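Below you'll find the structure, written out as structure tokens, and then a few comments.
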Amino acid sequence: MPSQLLNVFIYDNSRKHRLKLENIARNYAEENNIDTISVLSTTRPNKILSLSFERPGLYFLNIDALEKKMNGIQFASEVRKHDIYGSIVFLTEQDIFADGPSDLAGRTIRSHISAMSFLPKDSAEYEKEIKECITAHVRKAGL
């Protein structure tokens with residue numbers, strides 16, 4: 001049986017949130033017999049975009065982490081150019097279905113990113129929802 005490899009990328013300005021996600025992903029891999037997990041956690045989008053992998057990645061992107069040059073949706077568009085089959089999960093502290101310029105769901109749909117999910121960071125079900133996204137990605141990627 002070929003080795004399983006789960007590539008997880010985390011883009012968030014909060015060190016606390018990055019560490020929490022790293023731990024959830026590593027615990028998931030251990031609990032579900034994923035042979036190898038690679039986790040890259042960063043505040044620098046170019047660090048993620050400079051990599052290439054044979055398998056689709058799972059990207060947890062803080063949509064609220066606005067850079068001077070690139071916002072979360074623009075970053076996801078760049079990710080999609082590099083990894084067309086990867087799974088993108090947006091992490092947010094906003095109401096994604098609000099009207100007006102902060103309508104993140106609408107802007108994301110119009111940008112053709114194909115996000116897997118939008119997860120509020122303050123959700124009581126945060127860890128469970130993260131694990132559900134990992135499970136969906138593992139199935140999609142055939143791990």
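Chain labels run A, B, ... following the order of the structure tokens; each chain numbers its residues from 1, and ligands are numbered from 1 in the order shown.
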field: Residues near Thr92 of chain A, cut-off 6 Å, only C-alpha atoms, skip fewer than 4 positions along chain, as a PyMOL selection string
entry: chain A and resi 62-64+120-121
So that I have them on file, write out the residues from the current selection with C-alpha atoms, as a short mmCIF file (atom, residue, chain, number, x, y, z; two decimals), in the first residue's frame.
data_model
loop_
_atom_site.label_atom_id
_atom_site.label_comp_id
_atom_site.auth_asym_id
_atom_site.auth_seq_id
_atom_site.Cartn_x
_atom_site.Cartn_y
_atom_site.Cartn_z
CA ASN A 62 -7.79 33.37 7.41
CA ILE A 63 -9.94 35.45 5.11
CA ASP A 64 -9.68 38.38 7.53
CA PRO A 120 -15.98 31.03 12.32
CA LYS A 121 -12.99 30.98 14.66
#
- request: Would you kindly return, as a list in words, each protein, DNA or RNA residue with an atom no farther than 12 Å from any atom of Glu132 of chain A, considering only C-alpha atoms and excluding same-chain residues fewer than 6 positions away?
  value: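 Result of the neighbour search: Ile24, Ala25, Tyr28, Val89, Met116, Ser117, Leu119, Glu125, Tyr126, Val138 and Arg139 of chain A.
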Emit the selected residues as a compact mmCIF listing (two decimals), in the first residue's frame, including N, CA and C atoms.
# COMPACT_ATOMS: atom_id res chain seq x y z
N ILE A 24 -4.65 20.24 15.87
CA ILE A 24 -5.83 19.51 15.41
C ILE A 24 -5.47 18.63 14.22
N ALA A 25 -4.73 19.17 13.26
CA ALA A 25 -4.35 18.41 12.06
C ALA A 25 -3.45 17.22 12.42
N TYR A 28 -5.48 14.59 14.21
CA TYR A 28 -6.33 13.90 13.24
C TYR A 28 -5.54 12.83 12.50
N VAL A 89 -10.31 26.11 2.89
CA VAL A 89 -11.22 26.39 3.99
C VAL A 89 -10.89 27.78 4.50
N MET A 116 -14.21 25.08 0.21
CA MET A 116 -14.85 23.94 0.85
C MET A 116 -15.77 24.40 1.96
N SER A 117 -15.32 25.40 2.74
CA SER A 117 -16.10 25.82 3.90
C SER A 117 -15.64 27.19 4.39
N LEU A 119 -15.39 28.80 8.20
CA LEU A 119 -15.52 28.43 9.60
C LEU A 119 -15.26 29.63 10.49
N GLU A 125 -18.01 24.63 17.94
CA GLU A 125 -17.76 23.38 17.22
C GLU A 125 -16.50 23.47 16.35
N TYR A 126 -15.63 24.42 16.61
CA TYR A 126 -14.48 24.70 15.76
C TYR A 126 -13.65 23.44 15.47
N VAL A 138 -9.48 14.37 2.81
CA VAL A 138 -8.84 13.04 2.72
C VAL A 138 -9.61 12.16 1.74
N ARG A 139 -10.93 12.18 1.81
CA ARG A 139 -11.75 11.40 0.86
C ARG A 139 -11.55 11.90 -0.56
Test item: residues at most 6 Å from segment 37-51 of chain A, only C-alpha atoms, excluding those fewer than 2 positions along its chain, as a PDB file with C-alpha atoms, in the first residue's frame:
ATOM      1  CA  LEU A   5       0.659  12.024   2.697  1.00  0.00           C
ATOM      2  CA  LEU A   6      -1.522  14.844   3.951  1.00  0.00           C
ATOM      3  CA  ASN A   7      -0.281  18.348   3.091  1.00  0.00           C
ATOM      4  CA  VAL A   8      -1.832  21.022   5.324  1.00  0.00           C
ATOM      5  CA  PHE A   9      -1.193  24.739   4.888  1.00  0.00           C
ATOM      6  CA  ILE A  10      -2.261  27.310   7.452  1.00  0.00           C
ATOM      7  CA  TYR A  11      -2.294  31.039   6.779  1.00  0.00           C
ATOM      8  CA  ASP A  12      -3.288  33.127   9.777  1.00  0.00           C
ATOM      9  CA  ASN A  13      -1.851  36.182  11.496  1.00  0.00           C
TER      10      ASN A  13
END
query: So how far away is atom CA of Ile88 of chain A from atom CA of Thr135 of chain A, in Å?
result: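 So the answer is 13.2 Å.
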task: May I ask which of the residues A:Glu93, A:His17, A:Glu30, A:Ile134 is the closest one to Phe118 of chain A, counting only C-alpha atoms?
output: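 Under the stated criterion, the closest residue is A:Glu93.
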